[in-house]
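Containing PDB, C-alpha atoms (C1' of nucleotides): my_file36.pdb.
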```pdb
ATOM      1  CA  MET A   1     110.412 105.789 103.955
ATOM      2  CA  LYS A   2     109.244 102.883 101.866
ATOM      3  CA  SER A   3     112.819 102.091 100.951
ATOM      4  CA  MET A   4     113.718 101.395 104.567
ATOM      5  CA  ALA A   5     111.115  98.685 104.913
ATOM      6  CA  ASN A   6     113.149  95.947 103.309
ATOM      7  CA  ILE A   7     116.414  96.636 105.034
ATOM      8  CA  TYR A   8     116.626  93.129 106.432
ATOM      9  CA  ASP A   9     116.048  91.460 103.098
ATOM     10  CA  VAL A  10     119.756  91.362 102.377
ATOM     11  CA  TYR A  11     120.346  88.983 105.251
ATOM     12  CA  GLU A  12     119.411  85.594 103.859
ATOM     13  CA  ASP A  13     121.050  83.853 106.763
ATOM     14  CA  ARG A  14     119.448  84.380 110.156
ATOM     15  CA  CYS A  15     122.154  85.948 112.249
ATOM     16  CA  PRO A  16     120.370  88.264 114.654
ATOM     17  CA  THR A  17     123.604  89.672 115.940
ATOM     18  CA  ARG A  18     124.562  90.919 112.543
ATOM     19  CA  MET A  19     121.139  92.387 111.890
ATOM     20  CA  VAL A  20     120.931  94.442 115.000
ATOM     21  CA  LEU A  21     124.630  95.241 115.123
ATOM     22  CA  ASP A  22     124.178  96.759 111.732
ATOM     23  CA  ARG A  23     121.641  99.086 113.272
ATOM     24  CA  ILE A  24     123.323 100.123 116.485
ATOM     25  CA  ALA A  25     126.996  99.853 115.583
ATOM     26  CA  ASP A  26     126.938 103.455 114.474
ATOM     27  CA  LYS A  27     128.942 106.218 116.056
ATOM     28  CA  TRP A  28     126.168 108.801 115.963
ATOM     29  CA  ALA A  29     123.481 106.408 117.141
ATOM     30  CA  LEU A  30     125.559 105.395 120.139
ATOM     31  CA  LEU A  31     126.353 109.010 120.984
ATOM     32  CA  ILE A  32     122.693 109.928 120.853
ATOM     33  CA  LEU A  33     121.692 107.015 123.056
ATOM     34  CA  ASP A  34     124.384 108.089 125.472
ATOM     35  CA  LYS A  35     123.133 111.685 125.549
ATOM     36  CA  LEU A  36     119.581 110.582 126.252
ATOM     37  CA  ARG A  37     120.706 108.429 129.140
ATOM     38  CA  ARG A  38     119.732 110.929 131.815
ATOM     39  CA  ASP A  39     116.640 112.552 130.409
ATOM     40  CA  ALA A  40     114.813 113.804 127.353
ATOM     41  CA  VAL A  41     116.677 116.224 125.104
ATOM     42  CA  ARG A  42     115.456 118.648 122.452
ATOM     43  CA  PHE A  43     116.629 118.449 118.861
ATOM     44  CA  ASN A  44     118.857 121.490 118.748
ATOM     45  CA  LEU A  45     120.310 120.858 122.169
ATOM     46  CA  LEU A  46     121.254 117.390 121.006
ATOM     47  CA  ARG A  47     122.785 118.945 117.961
ATOM     48  CA  ARG A  48     124.862 121.303 120.052
ATOM     49  CA  GLU A  49     126.007 118.627 122.466
ATOM     50  CA  ILE A  50     127.063 116.226 119.755
ATOM     51  CA  LYS A  51     129.595 118.419 118.072
ATOM     52  CA  GLY A  52     130.274 117.685 114.464
ATOM     53  CA  ILE A  53     126.935 116.105 113.611
ATOM     54  CA  SER A  54     125.045 117.816 110.847
ATOM     55  CA  GLN A  55     121.365 118.610 111.088
ATOM     56  CA  LYS A  56     120.689 116.148 108.312
ATOM     57  CA  VAL A  57     122.515 113.241 109.885
ATOM     58  CA  LEU A  58     121.066 113.956 113.315
ATOM     59  CA  SER A  59     117.590 113.958 111.853
ATOM     60  CA  GLN A  60     118.185 110.731 109.959
ATOM     61  CA  THR A  61     119.741 108.957 112.903
ATOM     62  CA  LEU A  62     116.943 110.002 115.240
ATOM     63  CA  LYS A  63     114.405 108.685 112.780
ATOM     64  CA  LYS A  64     116.160 105.332 112.547
ATOM     65  CA  LEU A  65     116.403 105.016 116.304
ATOM     66  CA  GLU A  66     112.732 105.863 116.610
ATOM     67  CA  ARG A  67     111.852 103.277 113.988
ATOM     68  CA  ASP A  68     113.916 100.697 115.852
ATOM     69  CA  GLY A  69     111.888 101.458 118.960
ATOM     70  CA  LEU A  70     114.862 102.701 120.933
ATOM     71  CA  ILE A  71     113.821 106.313 121.339
ATOM     72  CA  SER A  72     110.538 108.177 121.187
ATOM     73  CA  ARG A  73     109.738 111.575 119.818
ATOM     74  CA  GLN A  74     107.345 113.941 121.521
ATOM     75  CA  ALA A  75     106.303 117.271 120.023
ATOM     76  CA  PHE A  76     104.878 120.036 122.199
ATOM     77  CA  PRO A  77     102.502 122.567 120.624
ATOM     78  CA  THR A  78     104.510 125.588 121.718
ATOM     79  CA  VAL A  79     105.430 128.459 119.415
ATOM     80  CA  PRO A  80     107.794 127.658 117.950
ATOM     81  CA  VAL A  81     107.348 123.946 118.293
ATOM     82  CA  THR A  82     109.415 122.028 120.849
ATOM     83  CA  VAL A  83     110.422 118.423 120.277
ATOM     84  CA  GLU A  84     111.847 116.150 122.888
ATOM     85  CA  TYR A  85     113.567 112.843 122.304
ATOM     86  CA  SER A  86     113.787 110.277 125.054
ATOM     87  CA  LEU A  87     114.646 106.642 125.544
ATOM     88  CA  THR A  88     111.918 104.039 125.319
ATOM     89  CA  PRO A  89     111.931 101.149 127.775
ATOM     90  CA  LEU A  90     113.595  99.087 125.059
ATOM     91  CA  GLY A  91     116.205 101.769 124.503
ATOM     92  CA  ARG A  92     116.834 101.898 128.195
ATOM     93  CA  THR A  93     117.851  98.239 128.215
ATOM     94  CA  LEU A  94     120.694  99.161 125.928
ATOM     95  CA  THR A  95     122.129 102.134 127.774
ATOM     96  CA  ASP A  96     124.248 100.197 130.217
ATOM     97  CA  THR A  97     126.084  98.534 127.377
ATOM     98  CA  VAL A  98     126.455 101.804 125.543
ATOM     99  CA  ALA A  99     127.777 103.423 128.683
ATOM    100  CA  ALA A 100     130.241 100.581 129.085
ATOM    101  CA  LEU A 101     131.464 101.200 125.577
ATOM    102  CA  ALA A 102     131.817 104.918 126.228
ATOM    103  CA  HIS A 103     133.582 104.216 129.483
ATOM    104  CA  TRP A 104     135.988 101.872 127.736
ATOM    105  CA  ALA A 105     136.669 104.554 125.153
ATOM    106  CA  GLU A 106     137.496 107.107 127.799
ATOM    107  CA  GLY A 107     139.708 104.768 129.732
ATOM    108  CA  ASN A 108     141.611 103.348 126.790
ATOM    109  CA  MET A 109     141.951 106.220 124.392
ATOM    110  CA  ASP A 110     145.548 106.800 125.394
ATOM    111  CA  ALA A 111     146.453 103.163 124.893
ATOM    112  CA  VAL A 112     144.805 103.141 121.481
ATOM    113  CA  MET A 113     146.603 106.257 120.348
ATOM    114  CA  ALA A 114     149.905 104.941 121.635
ATOM    115  CA  ALA A 115     149.341 101.732 119.718
ATOM    116  CA  GLN A 116     148.673 103.737 116.596
ATOM    117  CA  ARG A 117     151.874 105.692 116.959
ATOM    118  CA  ALA A 118     153.853 102.509 117.506
ATOM    119  CA  TYR A 119     152.215 100.887 114.492
ATOM    120  CA  ASP A 120     152.915 103.859 112.282
ATOM    121  CA  GLU A 121     156.534 103.922 113.286
ATOM    122  CA  ARG A 122     156.872 100.238 112.517
ATOM    123  CA  THR A 123     155.200 100.411 109.122
ATOM    124  CA  VAL A 124     155.476 103.888 107.633
ATOM    125  CA  VAL A 125     159.186 104.323 108.303
TER     126      VAL A 125
ATOM    127  CA  MET B   1     149.139 104.171 105.184
ATOM    128  CA  LYS B   2     150.395 107.694 105.585
ATOM    129  CA  SER B   3     146.892 109.021 105.126
ATOM    130  CA  MET B   4     145.677 107.206 108.228
ATOM    131  CA  ALA B   5     148.163 108.934 110.462
ATOM    132  CA  ASN B   6     146.184 112.114 110.944
ATOM    133  CA  ILE B   7     142.817 110.574 111.484
ATOM    134  CA  TYR B   8     142.329 112.319 114.802
ATOM    135  CA  ASP B   9     143.109 115.753 113.444
ATOM    136  CA  VAL B  10     139.489 116.403 112.666
ATOM    137  CA  TYR B  11     138.609 116.327 116.340
ATOM    138  CA  GLU B  12     139.593 119.758 117.580
ATOM    139  CA  ASP B  13     137.694 119.261 120.798
ATOM    140  CA  ARG B  14     139.032 116.616 123.105
ATOM    141  CA  CYS B  15     136.177 114.167 123.459
ATOM    142  CA  PRO B  16     137.824 110.795 123.926
ATOM    143  CA  THR B  17     134.532 108.988 123.700
ATOM    144  CA  ARG B  18     133.912 110.292 120.251
ATOM    145  CA  MET B  19     137.416 109.509 119.064
ATOM    146  CA  VAL B  20     137.412 105.903 120.095
ATOM    147  CA  LEU B  21     133.743 105.330 119.351
ATOM    148  CA  ASP B  22     134.518 106.393 115.843
ATOM    149  CA  ARG B  23     137.020 103.560 115.686
ATOM    150  CA  ILE B  24     135.107 100.732 117.277
ATOM    151  CA  ALA B  25     131.516 101.620 116.453
ATOM    152  CA  ASP B  26     131.778  99.649 113.276
ATOM    153  CA  LYS B  27     129.746  96.577 112.473
ATOM    154  CA  TRP B  28     132.601  94.622 110.952
ATOM    155  CA  ALA B  29     135.116  95.560 113.629
ATOM    156  CA  LEU B  30     132.744  94.424 116.361
ATOM    157  CA  LEU B  31     132.007  91.181 114.570
ATOM    158  CA  ILE B  32     135.700  90.450 114.180
ATOM    159  CA  LEU B  33     136.421  91.164 117.831
ATOM    160  CA  ASP B  34     133.561  88.853 118.700
ATOM    161  CA  LYS B  35     134.902  86.057 116.503
ATOM    162  CA  LEU B  36     138.365  86.326 118.066
ATOM    163  CA  ARG B  37     136.915  86.098 121.553
ATOM    164  CA  ARG B  38     137.724  82.408 121.986
ATOM    165  CA  ASP B  39     140.988  82.016 120.159
ATOM    166  CA  ALA B  40     143.096  83.014 117.193
ATOM    167  CA  VAL B  41     141.510  82.719 113.764
ATOM    168  CA  ARG B  42     143.012  82.590 110.303
ATOM    169  CA  PHE B  43     142.161  85.106 107.614
ATOM    170  CA  ASN B  44     140.041  82.964 105.369
ATOM    171  CA  LEU B  45     138.299  81.258 108.243
ATOM    172  CA  LEU B  46     137.356  84.670 109.549
ATOM    173  CA  ARG B  47     136.139  85.532 106.102
ATOM    174  CA  ARG B  48     133.955  82.455 105.956
ATOM    175  CA  GLU B  49     132.543  82.934 109.429
ATOM    176  CA  ILE B  50     131.636  86.550 108.868
ATOM    177  CA  LYS B  51     129.322  86.084 105.961
ATOM    178  CA  GLY B  52     128.959  89.017 103.681
ATOM    179  CA  ILE B  53     132.285  90.655 104.344
ATOM    180  CA  SER B  54     134.474  91.099 101.312
ATOM    181  CA  GLN B  55     138.126  90.224 101.277
ATOM    182  CA  LYS B  56     138.983  93.869 100.874
ATOM    183  CA  VAL B  57     136.937  95.102 103.796
ATOM    184  CA  LEU B  58     138.111  92.278 106.023
ATOM    185  CA  SER B  59     141.696  93.135 105.222
ATOM    186  CA  GLN B  60     141.136  96.829 105.864
ATOM    187  CA  THR B  61     139.298  96.287 109.101
ATOM    188  CA  LEU B  62     141.915  93.870 110.410
ATOM    189  CA  LYS B  63     144.598  96.408 109.649
ATOM    190  CA  LYS B  64     142.755  99.146 111.508
ATOM    191  CA  LEU B  65     142.194  96.927 114.519
ATOM    192  CA  GLU B  66     145.841  95.973 114.496
ATOM    193  CA  ARG B  67     146.846  99.613 114.313
ATOM    194  CA  ASP B  68     144.562 100.406 117.231
ATOM    195  CA  GLY B  69     146.334  97.749 119.229
ATOM    196  CA  LEU B  70     143.247  95.596 119.639
ATOM    197  CA  ILE B  71     144.374  92.578 117.653
ATOM    198  CA  SER B  72     147.725  91.175 116.610
ATOM    199  CA  ARG B  73     148.748  89.448 113.439
ATOM    200  CA  GLN B  74     151.067  86.467 113.371
ATOM    201  CA  ALA B  75     152.326  84.888 110.173
ATOM    202  CA  PHE B  76     153.638  81.328 110.137
ATOM    203  CA  PRO B  77     156.212  80.334 107.518
ATOM    204  CA  THR B  78     154.212  77.405 106.219
ATOM    205  CA  VAL B  79     153.586  76.751 102.546
ATOM    206  CA  PRO B  80     151.348  78.390 101.731
ATOM    207  CA  VAL B  81     151.648  80.970 104.445
ATOM    208  CA  THR B  82     149.298  80.855 107.427
ATOM    209  CA  VAL B  83     148.245  84.003 109.234
ATOM    210  CA  GLU B  84     146.512  84.064 112.573
ATOM    211  CA  TYR B  85     144.759  87.007 114.142
ATOM    212  CA  SER B  86     144.217  87.152 117.866
ATOM    213  CA  LEU B  87     143.203  89.614 120.536
ATOM    214  CA  THR B  88     145.853  91.631 122.307
ATOM    215  CA  PRO B  89     145.540  92.211 126.057
ATOM    216  CA  LEU B  90     144.036  95.592 125.209
ATOM    217  CA  GLY B  91     141.575  94.023 122.818
ATOM    218  CA  ARG B  92     140.648  91.525 125.464
ATOM    219  CA  THR B  93     139.510  94.300 127.788
ATOM    220  CA  LEU B  94     136.893  95.191 125.214
ATOM    221  CA  THR B  95     135.426  91.779 124.524
ATOM    222  CA  ASP B  96     133.035  91.699 127.455
ATOM    223  CA  THR B  97     131.382  94.873 126.253
ATOM    224  CA  VAL B  98     131.277  93.631 122.701
ATOM    225  CA  ALA B  99     129.751  90.396 123.883
ATOM    226  CA  ALA B 100     127.167  92.354 125.839
ATOM    227  CA  LEU B 101     126.248  94.221 122.697
ATOM    228  CA  ALA B 102     125.981  90.994 120.723
ATOM    229  CA  HIS B 103     123.908  89.457 123.478
ATOM    230  CA  TRP B 104     121.592  92.454 123.503
ATOM    231  CA  ALA B 105     121.218  92.139 119.752
ATOM    232  CA  GLU B 106     120.246  88.491 119.990
ATOM    233  CA  GLY B 107     117.806  89.076 122.793
ATOM    234  CA  ASN B 108     116.106  92.122 121.353
ATOM    235  CA  MET B 109     116.063  91.552 117.647
ATOM    236  CA  ASP B 110     112.418  90.566 117.710
ATOM    237  CA  ALA B 111     111.457  93.679 119.641
ATOM    238  CA  VAL B 112     113.372  95.880 117.236
ATOM    239  CA  MET B 113     111.775  94.302 114.200
ATOM    240  CA  ALA B 114     108.343  94.573 115.756
ATOM    241  CA  ALA B 115     108.978  98.240 116.462
ATOM    242  CA  GLN B 116     109.954  98.740 112.855
ATOM    243  CA  ARG B 117     106.802  97.116 111.585
ATOM    244  CA  ALA B 118     104.690  99.243 113.902
ATOM    245  CA  TYR B 119     106.520 102.387 112.852
ATOM    246  CA  ASP B 120     106.098 101.621 109.186
ATOM    247  CA  GLU B 121     102.400 101.011 109.608
ATOM    248  CA  ARG B 122     102.013 104.325 111.385
ATOM    249  CA  THR B 123     103.967 106.357 108.871
ATOM    250  CA  VAL B 124     103.985 104.714 105.450
ATOM    251  CA  VAL B 125     100.245 104.039 105.281
TER     252      VAL B 125
ATOM    253  C1'  DC C   1     112.483 125.575 116.748
ATOM    254  C1'  DG C   2     112.803 121.556 114.214
ATOM    255  C1'  DG C   3     112.957 120.036 110.543
ATOM    256  C1'  DT C   4     112.719 118.816 104.802
ATOM    257  C1'  DA C   5     114.467 119.451  99.963
ATOM    258  C1'  DT C   6     118.025 119.879  96.724
ATOM    259  C1'  DC C   7     122.479 119.715  94.925
ATOM    260  C1'  DC C   8     126.990 118.102  94.928
ATOM    261  C1'  DT C   9     131.231 115.697  96.234
ATOM    262  C1'  DT C  10     134.017 112.017  97.814
ATOM    263  C1'  DA C  11     135.219 108.047  99.844
ATOM    264  C1'  DG C  12     133.592 103.436 101.069
ATOM    265  C1'  DG C  13     133.068  99.263  99.295
ATOM    266  C1'  DG C  14     131.876  95.499  95.421
ATOM    267  C1'  DA C  15     133.912  92.835  91.516
ATOM    268  C1'  DT C  16     137.659  91.089  89.374
ATOM    269  C1'  DA C  17     142.320  89.914  88.530
ATOM    270  C1'  DC C  18     146.831  89.060  90.041
ATOM    271  C1'  DT C  19     150.873  87.564  93.480
ATOM    272  C1'  DG C  20     154.413  86.033  97.171
TER     273       DG C  20
ATOM    274  C1'  DC D   1     146.583  80.938 101.866
ATOM    275  C1'  DA D   2     146.513  85.674 102.500
ATOM    276  C1'  DG D   3     146.530  89.189 100.692
ATOM    277  C1'  DT D   4     147.263  93.742  97.108
ATOM    278  C1'  DA D   5     145.906  96.434  92.881
ATOM    279  C1'  DT D   6     142.650  98.342  89.851
ATOM    280  C1'  DC D   7     138.361  99.867  88.244
ATOM    281  C1'  DC D   8     133.997 101.352  89.007
ATOM    282  C1'  DC D   9     129.787 102.933  91.161
ATOM    283  C1'  DT D  10     126.524 104.169  94.514
ATOM    284  C1'  DA D  11     125.103 106.033  98.509
ATOM    285  C1'  DA D  12     126.513 108.636 102.827
ATOM    286  C1'  DG D  13     127.040 112.994 104.103
ATOM    287  C1'  DG D  14     128.284 118.368 103.763
ATOM    288  C1'  DA D  15     126.401 122.903 102.302
ATOM    289  C1'  DT D  16     122.730 125.666 101.423
ATOM    290  C1'  DA D  17     118.100 127.118 101.117
ATOM    291  C1'  DC D  18     113.551 126.968 102.485
ATOM    292  C1'  DC D  19     109.180 125.922 105.566
ATOM    293  C1'  DG D  20     105.327 124.936 109.211
TER     294       DG D  20
END
```
Show how you would write the structure in this file as C-alpha cells.
Amino acid sequence: MKSMANIYDVYEDRCPTRMVLDRIADKWALLILDKLRRDAVRFNLLRREIKGISQKVLSQTLKKLERDGLISRQAFPTVPVTVEYSLTPLGRTLTDTVAALAHWAEGNMDAVMAAQRAYDERTVV
Amino acid sequence: MKSMANIYDVYEDRCPTRMVLDRIADKWALLILDKLRRDAVRFNLLRREIKGISQKVLSQTLKKLERDGLISRQAFPTVPVTVEYSLTPLGRTLTDTVAALAHWAEGNMDAVMAAQRAYDERTVV
DNA sequence: CGGTATCCTTAGGGATACTG
DNA sequence: CAGTATCCCTAAGGATACCG
C-alpha cells in the first residue's frame, strides 16, 4: 500500500484535471460507480453483474475507489462475512456525470461501430 | 490495423455501455477530446498542451478516436505538412459530458487527495 | 463470502532514430 | 511538421491456489 502513496509525485505541473482523470478515467471504476448508483452492493454480486472483471481487478479497483473517497466498504459480522460497498457523499456527486457517460455510450454505440466499419473499409482495403 | 477490426469480439454479451466505455474511458482520449472542444488543433500543439503524452501514444489515441468517428483528421498541403484534428458532429455530442468530468475533477481534487491521505493514515500506519 | 498470494504472460508504452 | 519503425521493459491483468 505504501507504493500508492506517491502516485501524484509524477505530476510536477499542477493540472488537477489530469490528476483526477487519471483516477476515474478507468472502465472498471466507472462501471462500479454506475452499479452502486442505486444502492449498496456486495462483492460477489458486483463481480457477477460486471461480467468479465476478475476477482483481482475488482478487488484492486474497489480499494482505489475507497482510497479516493468515492465509495465506502462496510463489513458485517455474519458467517460467512458479508461486505457491502456503497457510494460516499463525494462519490454521489460524480454519479450523474458517470450516468451521462453511460447514457451516451448506449445511445451512440451504433454510430461508433458504424464509424469503425467505415474507417476500416477506407484504410484496410 | 487489421488487428483492431475485431476489438468487439471479446464481448459476447451485448452490453453497449461496456463496449463504448472501454473506448472512451481513457485518460488520454478524454484529454484530447477536451482540448479539441474549442477548435481544431495541430498534432504538435496537442502534444505540447497535453504534457506527458508521448508522440507514439498521442498518435495511437488520435487514430482510435478517428476510427470511432469522434474526431476527424485534415492534412493541409503546406511545406512542411500541417495536420489539424477536430471534433466530428458525433464527437461534439460527447464534449459536454467530458467537460463535466473535467469540471468535477477540478472541483473535487482536493477532496480526493484528502481522502487518500486519510485512508493511508488509517491503513499504512 | 470476500478476499490475498503467487506465478506467469503479454501488450502497453517509453526512448530513440528515421522519413515524406 | 507529423508522423512511423524498432527495441526494450515493466507493470497490468489472467489463472490458480489458499485463507479468515
- Applied to the shown file, which residues does the PyMOL selection byres ((chain B) within 9 of (chain C)) return, written as a ChimeraX atom specification? /B:54,56-57
- Output as a list in words the set of chain D residues within 10 Å of chain A, with distances taken over only C-alpha atoms (C1' of nucleotides).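 Here they are: DA12, DG13, DG14 and DG20 of chain D.
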- Could you expand the PyMOL selection byres ((chain A) within 7 of (chain B)) into the explicit residues it covers here, written as a list in words? Met1, Lys2, Pro16, Thr17, Val20, Leu21, Asp22, Ala25, Asp26, Lys27, Arg67, Asp68, Gly69, Thr97, Ala100, Leu101, Ala102, Ala105, Glu106, Met109, Val112, Met113, Ala115, Gln116, Tyr119 and Val124 of chain A
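Taken over the shown file, the PyMOL selection byres ((chain A and resi 39) around 9) identifies Lys35, Leu36, Arg37, Arg38, Ala40, Val41, Tyr85, Ser86 and Leu87 of chain A.
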Chain B onto chain A, all Cα, least squares, as a short mmCIF file (atom, residue, chain, number, x, y, z; two decimals) with C-alpha atoms, in the frame of the given file:
```cif
data_model
loop_
_atom_site.label_atom_id
_atom_site.label_comp_id
_atom_site.auth_asym_id
_atom_site.auth_seq_id
_atom_site.Cartn_x
_atom_site.Cartn_y
_atom_site.Cartn_z
CA MET B 1 110.48 105.85 103.96
CA LYS B 2 109.31 102.96 101.85
CA SER B 3 112.88 102.15 100.94
CA MET B 4 113.77 101.46 104.56
CA ALA B 5 111.16 98.77 104.90
CA ASN B 6 113.19 95.99 103.35
CA ILE B 7 116.45 96.69 105.05
CA TYR B 8 116.71 93.19 106.44
CA ASP B 9 116.16 91.50 103.11
CA VAL B 10 119.85 91.41 102.41
CA TYR B 11 120.41 89.04 105.30
CA GLU B 12 119.43 85.66 103.90
CA ASP B 13 121.04 83.87 106.81
CA ARG B 14 119.43 84.41 110.16
CA CYS B 15 122.16 85.94 112.27
CA PRO B 16 120.38 88.24 114.68
CA THR B 17 123.62 89.65 115.97
CA ARG B 18 124.57 90.90 112.58
CA MET B 19 121.15 92.37 111.90
CA VAL B 20 120.96 94.43 115.04
CA LEU B 21 124.65 95.23 115.16
CA ASP B 22 124.21 96.74 111.76
CA ARG B 23 121.65 99.07 113.28
CA ILE B 24 123.33 100.11 116.49
CA ALA B 25 127.00 99.86 115.59
CA ASP B 26 126.95 103.44 114.47
CA LYS B 27 128.94 106.22 116.05
CA TRP B 28 126.16 108.78 115.94
CA ALA B 29 123.46 106.40 117.13
CA LEU B 30 125.56 105.40 120.12
CA LEU B 31 126.34 109.00 120.96
CA ILE B 32 122.67 109.92 120.83
CA LEU B 33 121.67 107.02 123.05
CA ASP B 34 124.37 108.11 125.46
CA LYS B 35 123.13 111.70 125.52
CA LEU B 36 119.56 110.59 126.22
CA ARG B 37 120.70 108.44 129.12
CA ARG B 38 119.74 110.97 131.79
CA ASP B 39 116.63 112.56 130.39
CA ALA B 40 114.82 113.81 127.33
CA VAL B 41 116.68 116.23 125.08
CA ARG B 42 115.47 118.63 122.43
CA PHE B 43 116.62 118.46 118.84
CA ASN B 44 118.86 121.48 118.73
CA LEU B 45 120.30 120.84 122.15
CA LEU B 46 121.23 117.37 120.98
CA ARG B 47 122.76 118.94 117.93
CA ARG B 48 124.85 121.29 120.02
CA GLU B 49 125.98 118.61 122.44
CA ILE B 50 127.05 116.22 119.73
CA LYS B 51 129.58 118.40 118.04
CA GLY B 52 130.23 117.66 114.44
CA ILE B 53 126.91 116.09 113.59
CA SER B 54 125.00 117.80 110.83
CA GLN B 55 121.34 118.60 111.07
CA LYS B 56 120.64 116.14 108.31
CA VAL B 57 122.47 113.23 109.88
CA LEU B 58 121.02 113.95 113.30
CA SER B 59 117.54 113.94 111.83
CA GLN B 60 118.16 110.71 109.95
CA THR B 61 119.70 108.94 112.89
CA LEU B 62 116.91 110.00 115.23
CA LYS B 63 114.38 108.66 112.78
CA LYS B 64 116.15 105.32 112.54
CA LEU B 65 116.38 105.01 116.30
CA GLU B 66 112.72 105.86 116.60
CA ARG B 67 111.85 103.26 114.00
CA ASP B 68 113.90 100.68 115.87
CA GLY B 69 111.89 101.44 118.96
CA LEU B 70 114.86 102.70 120.93
CA ILE B 71 113.81 106.32 121.32
CA SER B 72 110.51 108.17 121.17
CA ARG B 73 109.71 111.58 119.82
CA GLN B 74 107.31 113.95 121.52
CA ALA B 75 106.28 117.27 120.04
CA PHE B 76 104.86 120.03 122.23
CA PRO B 77 102.49 122.58 120.69
CA THR B 78 104.50 125.58 121.80
CA VAL B 79 105.41 128.45 119.52
CA PRO B 80 107.76 127.67 118.02
CA VAL B 81 107.31 123.96 118.35
CA THR B 82 109.40 122.02 120.87
CA VAL B 83 110.39 118.43 120.26
CA GLU B 84 111.84 116.14 122.88
CA TYR B 85 113.54 112.84 122.29
CA SER B 86 113.77 110.28 125.04
CA LEU B 87 114.64 106.64 125.52
CA THR B 88 111.91 104.04 125.31
CA PRO B 89 111.92 101.14 127.78
CA LEU B 90 113.60 99.09 125.06
CA GLY B 91 116.20 101.76 124.50
CA ARG B 92 116.82 101.89 128.20
CA THR B 93 117.85 98.24 128.23
CA LEU B 94 120.70 99.17 125.93
CA THR B 95 122.11 102.15 127.77
CA ASP B 96 124.24 100.22 130.22
CA THR B 97 126.09 98.55 127.39
CA VAL B 98 126.46 101.81 125.54
CA ALA B 99 127.77 103.44 128.67
CA ALA B 100 130.24 100.60 129.08
CA LEU B 101 131.48 101.21 125.57
CA ALA B 102 131.82 104.93 126.22
CA HIS B 103 133.60 104.23 129.47
CA TRP B 104 136.00 101.87 127.73
CA ALA B 105 136.68 104.55 125.14
CA GLU B 106 137.51 107.12 127.79
CA GLY B 107 139.72 104.77 129.72
CA ASN B 108 141.63 103.35 126.79
CA MET B 109 141.97 106.21 124.38
CA ASP B 110 145.56 106.80 125.38
CA ALA B 111 146.46 103.15 124.88
CA VAL B 112 144.82 103.12 121.47
CA MET B 113 146.62 106.24 120.35
CA ALA B 114 149.91 104.91 121.64
CA ALA B 115 149.34 101.70 119.72
CA GLN B 116 148.69 103.71 116.60
CA ARG B 117 151.88 105.67 116.97
CA ALA B 118 153.86 102.48 117.50
CA TYR B 119 152.22 100.85 114.50
CA ASP B 120 152.93 103.81 112.28
CA GLU B 121 156.56 103.88 113.31
CA ARG B 122 156.90 100.20 112.51
CA THR B 123 155.23 100.36 109.13
CA VAL B 124 155.45 103.84 107.63
CA VAL B 125 159.17 104.35 108.26
#
```
- Query: What does the distance between CA of Arg42 in chain B and CA of Thr82 in chain B come to in Å, to one decimal place?
  - Reply: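 These two atoms are separated by 7.1 Å.
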Centre and edges of the range 74-92 of chain A box, axis-aligned, 6 Å extra per side, as JSON:
```
{"center_x": 109.7, "center_y": 113.8, "center_z": 123.1, "size_x": 26.3, "size_y": 41.4, "size_z": 22.2}
```
- Please, what distance in Å, to one decimal, runs between CA of Ile32 in chain A and CA of Ala75 in chain A?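 Going from CA of Ile32 in chain A over to CA of Ala75 in chain A, I get 18.0 Å.
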- Task: Measure the distance from CA of Phe76 in chain B to CA of Ser59 in chain B in Å and round it to one decimal.
- Result: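 Taking CA of Phe76 in chain B as the start and CA of Ser59 in chain B as the end point, the length is 17.5 Å.
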